[in-house]
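This is upload_10.csv (CSV, C-alpha atoms).
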```
chain,number,residue,atom,x,y,z
Y,1053,MET,CA,-15.2,42.2,90.8
Y,1054,ASP,CA,-14.2,38.6,91.6
Y,1055,GLU,CA,-16.7,36.4,93.2
Y,1056,VAL,CA,-15.7,35.4,96.7
Y,1057,LYS,CA,-16.7,31.8,97.4
Y,1058,GLU,CA,-17.3,30.9,101.0
Y,1059,VAL,CA,-15.4,27.7,101.9
Y,1060,GLN,CA,-17.0,25.7,104.7
Y,1061,THR,CA,-15.1,23.1,106.7
Y,1062,TYR,CA,-16.6,20.5,108.8
Y,1063,ALA,CA,-15.7,17.4,110.8
Y,1064,ILE,CA,-17.6,14.2,111.5
Y,1065,ILE,CA,-17.4,13.1,115.0
Y,1066,ASN,CA,-18.2,9.4,115.6
Y,1067,LEU,CA,-19.7,9.2,119.1
Y,1068,SER,CA,-19.9,5.4,119.1
Y,1069,ALA,CA,-16.9,3.9,120.7
Y,1070,VAL,CA,-16.3,0.6,118.9
Y,1071,ASP,CA,-14.4,-1.9,121.0
Y,1072,GLU,CA,-12.3,-4.0,118.6
Y,1073,SER,CA,-11.0,-6.3,121.4
Y,1074,PRO,CA,-12.1,-9.9,121.4
Y,1075,ALA,CA,-15.0,-11.0,123.5
Y,1076,PHE,CA,-13.0,-13.6,125.3
Y,1077,PRO,CA,-9.3,-13.8,126.4
Y,1078,LYS,CA,-6.9,-14.6,123.6
Y,1079,VAL,CA,-6.1,-18.3,123.3
Y,1080,SER,CA,-3.2,-19.6,121.1
Y,1081,VAL,CA,-0.9,-22.5,120.9
Y,1082,ASN,CA,2.6,-21.9,122.2
Y,1083,LYS,CA,4.6,-24.5,120.2
Y,1084,SER,CA,7.9,-23.7,121.8
Y,1085,GLY,CA,6.5,-24.0,125.3
Y,1086,GLY,CA,4.2,-26.9,124.5
Y,1087,TRP,CA,1.0,-25.4,126.0
Y,1088,VAL,CA,-2.1,-23.4,125.0
Y,1089,THR,CA,-1.8,-19.8,126.3
Y,1090,PHE,CA,-4.7,-18.3,128.2
Y,1091,GLY,CA,-5.1,-14.5,127.8
Y,1092,ASN,CA,-2.6,-11.7,127.5
Y,1093,LYS,CA,0.9,-13.1,128.4
Y,1094,ASN,CA,-0.8,-16.3,129.4
Y,1095,LEU,CA,-2.0,-14.7,132.6
Y,1096,PHE,CA,-5.8,-14.4,132.4
Y,1097,PRO,CA,-6.5,-16.3,135.6
Y,1098,GLN,CA,-4.1,-14.1,137.4
Y,1099,GLU,CA,-5.8,-11.0,136.0
Y,1100,ILE,CA,-9.1,-12.3,137.4
Y,1101,ILE,CA,-7.5,-12.8,140.8
Y,1102,ASN,CA,-6.0,-9.3,140.7
Y,1103,ALA,CA,-9.4,-7.7,139.8
Y,1104,ASN,CA,-11.3,-9.6,142.5
Y,1105,SER,CA,-8.7,-8.9,145.2
Y,1106,LYS,CA,-9.4,-5.1,144.7
Y,1107,SER,CA,-13.2,-5.3,144.3
Y,1108,PRO,CA,-14.9,-5.6,147.7
Y,1109,VAL,CA,-18.3,-6.0,146.0
Y,1110,ASN,CA,-17.3,-8.9,143.8
Y,1111,ALA,CA,-15.2,-10.6,146.5
Y,1112,SER,CA,-18.1,-10.5,148.9
Y,1113,ILE,CA,-20.5,-12.0,146.3
Y,1114,ILE,CA,-18.1,-14.8,145.5
Y,1115,GLU,CA,-17.4,-15.7,149.2
Y,1116,SER,CA,-21.1,-15.6,150.1
Y,1117,THR,CA,-22.0,-17.8,147.1
Y,1118,VAL,CA,-19.4,-20.3,148.1
Y,1119,THR,CA,-20.9,-20.4,151.6
Y,1120,TYR,CA,-24.3,-21.2,150.1
Y,1121,ILE,CA,-22.9,-23.9,147.9
Y,1122,CYS,CA,-21.1,-25.6,150.8
Y,1123,GLY,CA,-24.1,-25.3,153.1
Y,1124,LYS,CA,-23.7,-27.1,156.4
Y,1125,GLY,CA,-21.4,-29.6,154.7
Y,1126,VAL,CA,-21.5,-33.2,153.4
Y,1127,ARG,CA,-23.8,-35.5,155.3
Y,1128,GLU,CA,-23.0,-39.2,155.4
Y,1129,SER,CA,-26.5,-40.6,155.2
Y,1130,THR,CA,-29.6,-39.7,153.1
Y,1131,LYS,CA,-33.1,-41.0,152.8
Y,1132,GLU,CA,-32.2,-42.9,149.7
Y,1133,THR,CA,-29.0,-44.5,150.9
Y,1134,ASP,CA,-27.1,-44.9,154.2
Y,1135,GLY,CA,-23.5,-45.4,154.0
Y,1136,TYR,CA,-20.0,-44.1,154.5
Y,1137,VAL,CA,-18.9,-41.4,152.1
Y,1138,GLY,CA,-15.2,-41.8,152.8
Y,1139,VAL,CA,-12.6,-39.1,152.3
Y,1140,PRO,CA,-11.0,-37.6,149.1
Y,1141,ASN,CA,-7.5,-38.2,150.4
Y,1142,THR,CA,-5.6,-39.0,153.6
Y,1143,THR,CA,-5.2,-35.3,154.6
Y,1144,GLU,CA,-8.5,-33.6,153.6
Y,1145,SER,CA,-12.2,-34.0,154.3
Y,1146,TRP,CA,-14.9,-33.7,151.6
Y,1147,ASP,CA,-16.0,-30.3,153.0
Y,1148,GLU,CA,-12.5,-28.9,152.7
Y,1149,ILE,CA,-12.0,-30.0,149.1
Y,1150,ILE,CA,-15.5,-29.0,148.0
Y,1151,GLU,CA,-15.0,-25.5,149.4
Y,1152,LYS,CA,-11.8,-25.1,147.3
Y,1153,ILE,CA,-13.5,-26.4,144.2
Y,1154,ALA,CA,-16.6,-24.2,144.7
Y,1155,LYS,CA,-14.4,-21.1,145.1
Y,1156,ASP,CA,-12.5,-22.0,141.8
Y,1157,TYR,CA,-15.8,-22.7,140.1
Y,1158,LYS,CA,-17.4,-19.4,141.1
Y,1159,THR,CA,-14.3,-17.4,140.4
Y,1160,PHE,CA,-13.2,-18.9,137.1
Y,1161,GLY,CA,-16.1,-20.9,135.7
Y,1162,GLY,CA,-14.3,-24.2,136.0
Y,1163,PHE,CA,-12.3,-26.5,138.2
Y,1164,TYR,CA,-9.6,-29.1,138.3
Y,1165,TRP,CA,-8.4,-31.9,140.6
Y,1166,GLN,CA,-5.7,-34.5,140.5
Y,1167,VAL,CA,-6.7,-38.2,140.5
Y,1168,VAL,CA,-4.4,-40.9,141.8
Y,1169,VAL,CA,-5.3,-44.7,141.6
Y,1170,ASN,CA,-4.4,-46.2,144.9
Y,1171,LYS,CA,-2.2,-49.2,145.5
Y,1172,GLY,CA,-5.0,-51.7,145.4
Y,1173,GLY,CA,-6.0,-50.6,141.9
Y,1174,THR,CA,-9.7,-50.3,142.7
Y,1175,THR,CA,-10.0,-47.0,144.5
Y,1176,VAL,CA,-8.8,-43.4,143.8
Y,1177,SER,CA,-7.7,-40.4,145.8
Y,1178,LEU,CA,-8.6,-36.8,144.8
Y,1179,PHE,CA,-6.5,-33.7,145.4
Y,1180,HIS,CA,-7.7,-30.2,144.5
Y,1181,GLN,CA,-5.7,-28.3,141.9
Y,1182,ASP,CA,-5.7,-24.5,141.9
Y,1183,TYR,CA,-7.3,-23.4,138.6
Y,1184,SER,CA,-4.9,-20.5,138.1
Y,1185,THR,CA,-1.9,-22.9,138.0
Y,1186,VAL,CA,-3.2,-25.0,135.1
Y,1187,ARG,CA,-2.8,-24.6,131.3
Y,1188,ILE,CA,-3.6,-27.0,128.5
Y,1189,GLY,CA,-0.7,-29.0,127.2
Y,1190,GLN,CA,-1.1,-31.3,124.2
Y,1191,ILE,CA,-4.4,-31.5,122.3
Y,1192,ASP,CA,-5.8,-34.1,119.9
Y,1193,GLU,CA,-7.1,-33.4,116.4
Y,1194,LYS,CA,-10.5,-32.5,117.7
Y,1195,GLY,CA,-9.0,-30.0,120.2
Y,1196,HIS,CA,-9.5,-32.1,123.3
Y,1197,PRO,CA,-6.8,-31.8,126.0
Y,1198,LEU,CA,-4.5,-34.8,126.2
Y,1199,THR,CA,-2.2,-33.3,128.8
Y,1200,PHE,CA,-2.0,-30.3,131.2
Y,1201,LYS,CA,0.8,-28.1,132.3
Y,1202,ILE,CA,1.0,-26.9,135.9
Y,1203,SER,CA,3.1,-24.0,137.3
Y,1204,ASN,CA,2.8,-22.0,140.4
Y,1205,ASP,CA,4.2,-18.9,138.6
Y,1206,TRP,CA,3.5,-18.6,134.9
Y,1207,THR,CA,5.8,-15.6,134.6
Y,1208,LYS,CA,8.7,-18.0,135.0
Y,1209,THR,CA,8.6,-21.0,132.7
Y,1210,SER,CA,12.2,-22.0,132.0
Y,1211,GLY,CA,15.0,-23.9,133.8
Y,1212,LYS,CA,14.0,-25.0,137.3
Y,1213,TYR,CA,10.6,-23.2,136.9
Y,1214,LYS,CA,9.6,-25.4,133.9
Y,1215,PRO,CA,6.0,-26.5,134.3
Y,1216,ILE,CA,5.3,-30.1,135.1
Y,1217,GLU,CA,3.0,-32.1,132.8
Y,1218,LEU,CA,0.1,-34.4,133.8
Y,1219,GLU,CA,-2.0,-36.5,131.5
Y,1220,ALA,CA,-5.8,-35.9,131.4
Y,1221,TRP,CA,-7.8,-38.4,133.4
Y,1222,PRO,CA,-8.4,-41.4,131.0
Y,1223,GLY,CA,-10.8,-43.3,133.2
Y,1224,MET,CA,-10.2,-46.3,135.4
Y,1225,ASP,CA,-9.5,-48.6,132.4
Y,1226,GLY,CA,-6.6,-46.5,131.2
Y,1227,ALA,CA,-5.2,-45.2,134.5
Y,1228,LYS,CA,-2.0,-46.6,136.1
Y,1229,LYS,CA,-1.6,-47.1,139.8
Y,1230,GLY,CA,0.3,-44.3,141.7
Y,1231,VAL,CA,0.3,-41.9,138.7
Y,1232,ALA,CA,-1.3,-38.5,139.1
Y,1233,TYR,CA,-3.8,-37.5,136.4
Y,1234,LEU,CA,-5.8,-34.2,136.0
Y,1235,TYR,CA,-9.6,-34.1,135.8
Y,1236,HIS,CA,-11.1,-30.9,134.5
Y,1237,TYR,CA,-14.5,-29.3,133.9
Y,1238,TRP,CA,-15.3,-26.0,132.2
Y,1239,ASP,CA,-18.6,-24.2,131.8
Y,1240,TYR,CA,-19.5,-24.0,128.1
Y,1241,ALA,CA,-19.3,-20.5,126.5
Y,1242,PRO,CA,-20.2,-20.1,122.8
Y,1243,GLY,CA,-17.1,-19.1,120.9
Y,1244,LEU,CA,-14.6,-20.3,123.5
Y,1245,MET,CA,-13.0,-23.6,122.6
Y,1246,PHE,CA,-10.5,-23.9,125.4
Y,1247,TYR,CA,-10.7,-23.0,129.1
Y,1248,SER,CA,-13.6,-21.2,130.8
Y,1249,VAL,CA,-14.7,-17.7,131.9
Y,1250,PRO,CA,-16.7,-16.9,135.0
Y,1251,GLY,CA,-20.4,-16.2,134.8
Y,1252,TYR,CA,-19.9,-12.6,135.8
Y,1253,TYR,CA,-17.3,-12.1,133.0
Y,1254,PRO,CA,-19.6,-9.6,131.1
Y,1255,ALA,CA,-19.1,-7.3,134.1
Y,1256,ILE,CA,-15.4,-7.7,134.5
Y,1257,GLU,CA,-14.7,-4.1,133.5
Y,1258,TYR,CA,-17.1,-3.0,136.3
Y,1259,VAL,CA,-15.2,-5.3,138.7
Y,1260,LYS,CA,-12.0,-3.6,137.7
Y,1261,ALA,CA,-13.7,-0.2,138.1
Y,1262,ASP,CA,-14.8,-1.1,141.6
Y,1263,GLY,CA,-11.1,-1.6,142.5
Y,1264,THR,CA,-10.2,1.7,140.8
Y,1265,LEU,CA,-12.8,3.6,142.8
Y,1266,GLY,CA,-10.9,2.5,146.0
Y,1267,VAL,CA,-7.7,4.0,144.6
Y,1268,PHE,CA,-9.6,7.2,143.8
Y,1269,TYR,CA,-11.1,7.6,147.3
Y,1270,ASN,CA,-7.7,6.8,148.9
Y,1271,ASN,CA,-6.0,9.4,146.8
Y,1272,SER,CA,-8.8,11.9,147.5
Y,1273,ILE,CA,-8.2,11.5,151.2
Y,1274,ASP,CA,-4.4,11.9,150.8
Y,1275,ASN,CA,-4.9,15.0,148.6
Y,1276,GLY,CA,-7.7,16.6,150.6
Y,1277,PHE,CA,-10.3,15.6,147.9
Y,1278,THR,CA,-9.8,18.8,145.8
Y,1279,PRO,CA,-7.7,21.9,145.6
Y,1280,SER,CA,-9.2,24.5,148.1
Y,1281,ALA,CA,-6.9,27.5,147.5
Y,1282,ILE,CA,-4.8,29.1,144.7
Y,1283,LEU,CA,-1.6,30.8,145.5
Y,1284,THR,CA,-0.4,33.3,142.9
Y,1285,PHE,CA,3.2,34.7,143.0
Y,1286,SER,CA,4.6,37.6,141.1
Y,1287,SER,CA,7.9,35.9,140.4
Y,1288,ASN,CA,8.9,32.7,138.7
Y,1289,PRO,CA,11.8,31.2,140.7
Y,1290,SER,CA,14.0,28.2,139.9
Y,1291,GLU,CA,12.5,24.7,139.8
Y,1292,GLU,CA,14.4,23.8,142.9
Y,1293,LYS,CA,12.8,26.7,144.9
Y,1294,LYS,CA,9.4,25.8,143.5
Y,1295,ALA,CA,9.7,22.2,144.6
Y,1296,ALA,CA,11.0,23.2,148.1
Y,1297,PHE,CA,8.1,25.6,148.6
Y,1298,GLU,CA,5.4,23.2,147.4
Y,1299,LYS,CA,6.9,20.4,149.5
Y,1300,THR,CA,6.6,22.6,152.6
Y,1301,ALA,CA,3.1,23.7,151.7
Y,1302,ARG,CA,1.9,20.2,151.2
Y,1303,GLU,CA,3.3,19.0,154.5
Y,1304,ALA,CA,1.5,21.9,156.2
Y,1305,PHE,CA,-1.9,21.8,154.5
Y,1306,CYS,CA,-2.5,18.6,152.5
Y,1307,GLY,CA,-3.3,15.0,153.4
Y,1308,GLY,CA,-5.9,13.3,155.4
Y,1309,ARG,CA,-5.3,15.4,158.5
Y,1310,GLY,CA,-5.0,18.7,156.8
Y,1311,ALA,CA,-8.0,17.9,154.5
Y,1312,ASN,CA,-6.9,20.7,152.2
Y,1313,SER,CA,-4.7,21.1,149.2
Y,1314,ILE,CA,-3.3,24.1,147.2
Y,1315,LEU,CA,-2.8,25.1,143.6
Y,1316,THR,CA,0.2,27.2,143.0
Y,1317,VAL,CA,0.5,29.7,140.0
Y,1318,TRP,CA,3.9,31.2,139.3
Y,1319,GLY,CA,3.9,34.6,137.4
Y,1320,GLU,CA,6.3,35.6,134.7
Y,1321,SER,CA,6.7,39.3,135.6
Y,1322,GLY,CA,6.1,41.8,138.4
Y,1323,ASP,CA,2.7,42.7,136.9
Y,1324,VAL,CA,1.3,39.7,138.7
Y,1325,LYS,CA,0.7,40.3,142.3
Y,1326,THR,CA,1.0,37.8,145.1
Y,1327,ASN,CA,-2.4,36.6,146.0
Y,1328,ILE,CA,-4.3,33.9,147.8
Y,1329,SER,CA,-7.8,33.1,146.5
Y,1330,PRO,CA,-10.3,30.3,147.2
Y,1331,PHE,CA,-10.8,27.6,144.6
Y,1332,ASN,CA,-14.3,26.3,143.9
Y,1333,ALA,CA,-13.6,22.7,143.0
Y,1334,SER,CA,-15.7,20.7,140.5
Y,1335,ASN,CA,-18.2,18.1,141.6
Y,1336,ASN,CA,-15.9,15.2,140.7
Y,1337,ALA,CA,-16.6,13.5,144.0
Y,1338,ASP,CA,-20.4,13.5,143.2
Y,1339,ILE,CA,-19.7,12.0,139.8
Y,1340,TYR,CA,-17.6,9.2,141.3
Y,1341,ASN,CA,-20.4,8.5,143.8
Y,1342,ASN,CA,-22.8,8.1,141.0
Y,1343,VAL,CA,-20.4,5.8,139.1
Y,1344,GLU,CA,-20.0,3.7,142.3
Y,1345,GLY,CA,-23.8,3.1,142.3
Y,1346,ILE,CA,-23.7,2.0,138.6
Y,1347,VAL,CA,-20.7,-0.3,139.2
Y,1348,PHE,CA,-22.5,-1.9,142.1
Y,1349,GLN,CA,-25.7,-2.6,140.1
Y,1350,LYS,CA,-23.8,-4.0,137.1
Y,1351,ILE,CA,-21.8,-6.4,139.3
Y,1352,ILE,CA,-24.8,-7.8,141.2
Y,1353,SER,CA,-26.7,-8.1,137.9
Y,1354,ALA,CA,-23.9,-10.1,136.4
Y,1355,HIS,CA,-24.1,-12.5,139.3
Y,1356,ARG,CA,-27.9,-12.8,138.8
Y,1357,LEU,CA,-28.3,-11.7,142.4
Y,1358,SER,CA,-31.8,-10.5,143.0
Y,1359,SER,CA,-31.0,-9.1,146.5
Y,1360,PRO,CA,-27.5,-7.9,147.4
Y,1361,THR,CA,-28.3,-8.6,151.1
Y,1362,LEU,CA,-28.0,-12.3,150.4
Y,1363,ALA,CA,-24.4,-11.9,149.4
Y,1364,GLY,CA,-23.4,-9.8,152.4
Y,1365,VAL,CA,-23.6,-6.6,150.3
Y,1366,SER,CA,-25.5,-3.6,151.6
Y,1367,GLY,CA,-28.8,-3.0,149.7
Y,1368,SER,CA,-32.3,-1.7,150.0
Y,1369,GLY,CA,-33.6,-4.9,151.7
Y,1370,ASN,CA,-33.0,-5.8,155.4
Y,1371,LEU,CA,-33.8,-8.9,157.4
Y,1372,SER,CA,-36.0,-7.1,159.9
Y,1373,GLY,CA,-38.1,-4.8,157.7
Y,1374,ASN,CA,-38.3,-6.7,154.5
Y,1375,ALA,CA,-38.1,-10.4,155.3
Y,1376,ALA,CA,-40.7,-11.5,152.7
Y,1377,GLU,CA,-38.7,-9.9,149.9
Y,1378,ILE,CA,-35.4,-11.5,151.2
Y,1379,ILE,CA,-37.1,-14.9,151.3
Y,1380,ASP,CA,-38.3,-14.6,147.7
Y,1381,ALA,CA,-34.8,-13.4,146.6
Y,1382,TYR,CA,-33.1,-16.3,148.4
Y,1383,VAL,CA,-35.5,-18.9,146.9
Y,1384,LEU,CA,-34.9,-17.5,143.4
Y,1385,TYR,CA,-31.1,-17.3,143.8
Y,1386,ASN,CA,-30.9,-20.8,145.3
Y,1387,TYR,CA,-32.9,-22.4,142.5
Y,1388,THR,CA,-31.4,-20.5,139.6
Y,1389,VAL,CA,-27.8,-20.2,140.7
Y,1390,ILE,CA,-26.7,-22.1,143.8
Y,1391,GLU,CA,-28.3,-25.5,143.1
Y,1392,LYS,CA,-26.9,-25.5,139.5
Y,1393,LEU,CA,-23.4,-24.8,140.7
Y,1394,ARG,CA,-23.6,-27.3,143.6
Y,1395,ASN,CA,-25.1,-30.1,141.4
Y,1396,LYS,CA,-22.3,-29.6,138.8
Y,1397,ILE,CA,-19.7,-30.1,141.5
Y,1398,LEU,CA,-21.3,-33.0,143.1
Y,1399,ASN,CA,-22.1,-34.8,139.9
Y,1400,HIS,CA,-18.5,-34.8,138.9
Y,1401,LEU,CA,-17.2,-35.8,142.3
Y,1402,ASN,CA,-19.8,-38.6,142.6
Y,1403,LYS,CA,-18.2,-40.2,139.5
Y,1404,PHE,CA,-15.3,-41.0,141.8
Y,1405,THR,CA,-17.3,-42.0,144.9
Y,1406,LYS,CA,-18.9,-44.6,142.7
Y,1407,ILE,CA,-15.4,-45.9,141.8
Y,1408,ASN,CA,-14.6,-46.1,145.5
Y,1409,GLY,CA,-17.8,-47.9,146.3
Y,1410,THR,CA,-19.0,-45.2,148.8
Y,1411,ALA,CA,-22.3,-43.3,149.0
Y,1412,ASP,CA,-23.0,-40.3,146.9
Y,1413,LEU,CA,-22.1,-36.9,148.3
Y,1414,VAL,CA,-25.0,-34.8,149.5
Y,1415,ILE,CA,-24.7,-31.3,150.9
Y,1416,GLU,CA,-27.0,-30.2,153.7
Y,1417,GLU,CA,-28.7,-26.9,153.1
Y,1418,LEU,CA,-28.2,-23.9,155.3
Y,1419,ASP,CA,-31.2,-23.0,157.5
Y,1420,VAL,CA,-31.5,-19.6,155.8
Y,1421,LEU,CA,-35.3,-19.5,155.3
Y,1422,PRO,CA,-36.2,-20.6,158.9
Y,1423,LYS,CA,-33.7,-18.1,160.3
Y,1424,ILE,CA,-35.2,-15.2,158.2
Y,1425,ARG,CA,-38.7,-16.2,159.3
Y,1426,GLU,CA,-37.6,-16.5,162.9
Y,1427,THR,CA,-36.2,-13.0,162.7
Y,1428,GLU,CA,-39.4,-11.7,161.1
Y,1429,THR,CA,-41.5,-13.4,163.8
Y,1430,THR,CA,-39.3,-12.0,166.6
Y,1431,THR,CA,-39.5,-8.5,165.2
Y,1432,GLU,CA,-43.3,-8.8,164.9
Y,1433,ASP,CA,-43.5,-10.0,168.5
Y,1434,VAL,CA,-41.4,-7.1,169.7
Y,1435,VAL,CA,-43.7,-4.6,167.8
Y,1436,VAL,CA,-46.8,-6.2,169.3
Y,1437,GLU,CA,-45.4,-6.2,172.8
Y,1438,GLU,CA,-44.3,-2.5,172.5
Y,1439,THR,CA,-47.7,-1.6,171.1
Y,1440,ALA,CA,-49.5,-3.3,174.0
Y,1441,THR,CA,-47.2,-1.6,176.5
Y,1442,LEU,CA,-48.0,1.8,175.0
Y,1443,GLN,CA,-51.8,1.0,175.1
Y,1444,LYS,CA,-51.5,0.1,178.8
Y,1445,LYS,CA,-49.7,3.4,179.5
Y,1446,ASP,CA,-52.4,5.3,177.5
Y,1447,ASN,CA,-55.2,3.6,179.4
Y,1448,ALA,CA,-53.6,4.4,182.7
Y,1449,VAL,CA,-53.3,8.1,181.8
Y,1450,LEU,CA,-57.0,8.2,180.7
Y,1451,ARG,CA,-58.1,6.6,184.0
Y,1452,ALA,CA,-56.1,9.1,186.0
Y,1453,LEU,CA,-57.6,12.0,184.0
Y,1454,LYS,CA,-61.1,10.7,184.6
Y,1455,ARG,CA,-60.4,10.5,188.4
Y,1456,LEU,CA,-59.3,14.1,188.3
Y,1457,PHE,CA,-62.4,15.3,186.5
Y,1458,ARG,CA,-64.6,13.5,189.0
Y,1459,LYS,CA,-62.9,15.2,191.9
Y,1460,ALA,CA,-63.2,18.6,190.2
Y,1461,ALA,CA,-66.9,18.0,189.6
```
What do you get writing this file as structure tokens?
Amino acid sequence: MDEVKEVQTYAIINLSAVDESPAFPKVSVNKSGGWVTFGNKNLFPQEIINANSKSPVNASIIESTVTYICGKGVRESTKETDGYVGVPNTTESWDEIIEKIAKDYKTFGGFYWQVVVNKGGTTVSLFHQDYSTVRIGQIDEKGHPLTFKISNDWTKTSGKYKPIELEAWPGMDGAKKGVAYLYHYWDYAPGLMFYSVPGYYPAIEYVKADGTLGVFYNNSIDNGFTPSAILTFSSNPSEEKKAAFEKTAREAFCGGRGANSILTVWGESGDVKTNISPFNASNNADIYNNVEGIVFQKIISAHRLSSPTLAGVSGSGNLSGNAAEIIDAYVLYNYTVIEKLRNKILNHLNKFTKINGTADLVIEELDVLPKIRETETTTEDVVVEETATLQKKDNAVLRALKRLFRKAA
């Protein structure tokens, strides 16, 4: 009798999902175009804009951070020096240009502005340049930018859409009167030689997921969230008749008003009877709600935001019931994030106020802490007043009861 050998088969399943994509957007030199590409199809800044425009959480944090950076605006006199701060150009104030720069800085991790030496040759005018429109042009042997290319639409770069080229700012000694130069600053990121990425970049996939959740909820409303009924038919008609029936059924039962949807099963023979049965949907909605919470936490963590309330995002804290926690969170966020961003912007701008012979730019802080303390004090006063009122009412009731007992006695 032949020996029967048992043959076992097995498979190894690798549960670790290894991401082979680069940590940063791909950067390469486009020799034919004459610029250094930034990201897939040279559109990384546009991808950031697209992701933020669909993420209410990230957009709110960015806008609130810009508000904190800009504060009450530039003040013209300080304790150290009194003097006129001037204007960046003939059409904008310092507050207007700083707000644009702060928004670029928080969104992209860098900023640009054009510098033009005025006719007299001793002063300059500054004009904000949208970060998303700029790419590096020529570079030297050390990789430093010599020129920059500017285009309002990097999907069109030929013919009349050919990007214009500006030289990098060489300093007053090398600048010519009436010529526009580009000044740039990028936050340093290890491993990224050119350009910059925003500080929240490690959570960029969560930012995209936040936008995708909006699409999910919108589609859920349109589709009544989940199928609620199964229609089974004994026949299998033509595709045209199926489409006509399903169209009529959707118009009658599906959508935000109907709040229902149907699942149709077509039979292949008469053995299958026409039937309508309820469908117990899966708990996908609950899963997505849990995902929403994770996405929210990851985004605010990437922004180093200790309390989401400070950025206009709903959180566990509230100004009336948790003022001490909000104050601590604001102080921490202001010292670790806001002041750093604001000082970077002002330090670079003040290089040019010195050229113009005007006072350094100083931004006045928002009265956040006094307002929070005022809210806390007001709330405490209301509580004390309400407590006193209740005590008065209780005392009046007790006195009335005592009078009744005396009469009864």
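Among the candidates Y:Pro1250, Y:Gly1161, Y:Gly1173, Y:Gly1135, the residue lying nearest to Gly1226 in chain Y is Y:Gly1173 (atoms considered: only C-alpha atoms).
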Can you pull out the residues contacting Thr1089 in chain Y? Cut-off 6 Å, using all atoms listed in the file, and skip same-chain residues under 5 positions away; I want them as a list in words. Val1079, Ser1080 and Asn1094 of chain Y
Export C-alpha atoms of the chosen residues as a PDB file, keeping the file's coordinate frame?
```pdb
ATOM      1  CA  VAL Y1079      -6.100 -18.300 123.300  1.00  0.00           C
ATOM      2  CA  SER Y1080      -3.200 -19.600 121.100  1.00  0.00           C
ATOM      3  CA  ASN Y1094      -0.800 -16.300 129.400  1.00  0.00           C
TER       4      ASN Y1094
END
```
What gap, in Å, lies between CA of Tyr1253 in chain Y and CA of Gly1123 in chain Y?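 Computing it gives 25.0 Å between the two atoms.
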Of Y:Asp1239, Y:Asp1205, Y:Glu1344, Y:Glu1391, the one sitting nearest Tyr1120 in chain Y when using all atoms listed in the file is Y:Glu1391
Among Y:Ser1107, Y:Gln1098, Y:Ser1177, Y:Ser1210, Trp1146 in chain Y is approached most closely, using all atoms listed in the file, by Y:Ser1177
Pick from Y:Val1126, Y:Val1249, Y:Leu1265, Y:Ile1202 nearest to Phe1096 in chain Y, counting only C-alpha atoms: Y:Val1249
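Using all atoms listed in the file, the residues found no farther than 12 Å from Val1231 in chain Y, other than those of its own chain fewer than 2 positions away, are Y:Gln1166, Y:Val1167, Y:Val1168, Y:Val1169, Y:Asn1170, Y:Lys1171, Y:Gly1173, Y:Val1176, Y:Ser1177, Y:Leu1178, Y:Glu1217, Y:Leu1218, Y:Glu1219, Y:Ala1220, Y:Trp1221, Y:Pro1222, Y:Met1224, Y:Gly1226, Y:Ala1227, Y:Lys1228, Y:Lys1229, Y:Tyr1233, Y:Leu1234.
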Separation of CA of Lys1350 in chain Y and CA of Ala1075 in chain Y, in Å? 17.6 Å
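Rounded to one decimal, CA of Phe1246 in chain Y and CA of Thr1117 in chain Y lie 25.3 Å from each other.
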What's the 10 Å shell around range 1179-1185 of chain Y, counting all atoms listed in the file, without same-chain residues fewer than 3 positions away, as number ranges by chain? Y: 1095-1101, 1140-1144, 1148-1153, 1155-1157, 1159-1168, 1201-1206, 1215, 1232, 1234-1236
Would you save the residues of that selection, restricted to C-alpha atoms, as a short mmCIF file (atom, residue, chain, number, x, y, z; two decimals), keeping the file's coordinate frame?
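Generated file (out_16.cif):
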```cif
data_model
loop_
_atom_site.label_atom_id
_atom_site.label_comp_id
_atom_site.auth_asym_id
_atom_site.auth_seq_id
_atom_site.Cartn_x
_atom_site.Cartn_y
_atom_site.Cartn_z
CA LEU Y 1095 -2.00 -14.70 132.60
CA PHE Y 1096 -5.80 -14.40 132.40
CA PRO Y 1097 -6.50 -16.30 135.60
CA GLN Y 1098 -4.10 -14.10 137.40
CA GLU Y 1099 -5.80 -11.00 136.00
CA ILE Y 1100 -9.10 -12.30 137.40
CA ILE Y 1101 -7.50 -12.80 140.80
CA PRO Y 1140 -11.00 -37.60 149.10
CA ASN Y 1141 -7.50 -38.20 150.40
CA THR Y 1142 -5.60 -39.00 153.60
CA THR Y 1143 -5.20 -35.30 154.60
CA GLU Y 1144 -8.50 -33.60 153.60
CA GLU Y 1148 -12.50 -28.90 152.70
CA ILE Y 1149 -12.00 -30.00 149.10
CA ILE Y 1150 -15.50 -29.00 148.00
CA GLU Y 1151 -15.00 -25.50 149.40
CA LYS Y 1152 -11.80 -25.10 147.30
CA ILE Y 1153 -13.50 -26.40 144.20
CA LYS Y 1155 -14.40 -21.10 145.10
CA ASP Y 1156 -12.50 -22.00 141.80
CA TYR Y 1157 -15.80 -22.70 140.10
CA THR Y 1159 -14.30 -17.40 140.40
CA PHE Y 1160 -13.20 -18.90 137.10
CA GLY Y 1161 -16.10 -20.90 135.70
CA GLY Y 1162 -14.30 -24.20 136.00
CA PHE Y 1163 -12.30 -26.50 138.20
CA TYR Y 1164 -9.60 -29.10 138.30
CA TRP Y 1165 -8.40 -31.90 140.60
CA GLN Y 1166 -5.70 -34.50 140.50
CA VAL Y 1167 -6.70 -38.20 140.50
CA VAL Y 1168 -4.40 -40.90 141.80
CA LYS Y 1201 0.80 -28.10 132.30
CA ILE Y 1202 1.00 -26.90 135.90
CA SER Y 1203 3.10 -24.00 137.30
CA ASN Y 1204 2.80 -22.00 140.40
CA ASP Y 1205 4.20 -18.90 138.60
CA TRP Y 1206 3.50 -18.60 134.90
CA PRO Y 1215 6.00 -26.50 134.30
CA ALA Y 1232 -1.30 -38.50 139.10
CA LEU Y 1234 -5.80 -34.20 136.00
CA TYR Y 1235 -9.60 -34.10 135.80
CA HIS Y 1236 -11.10 -30.90 134.50
#
```
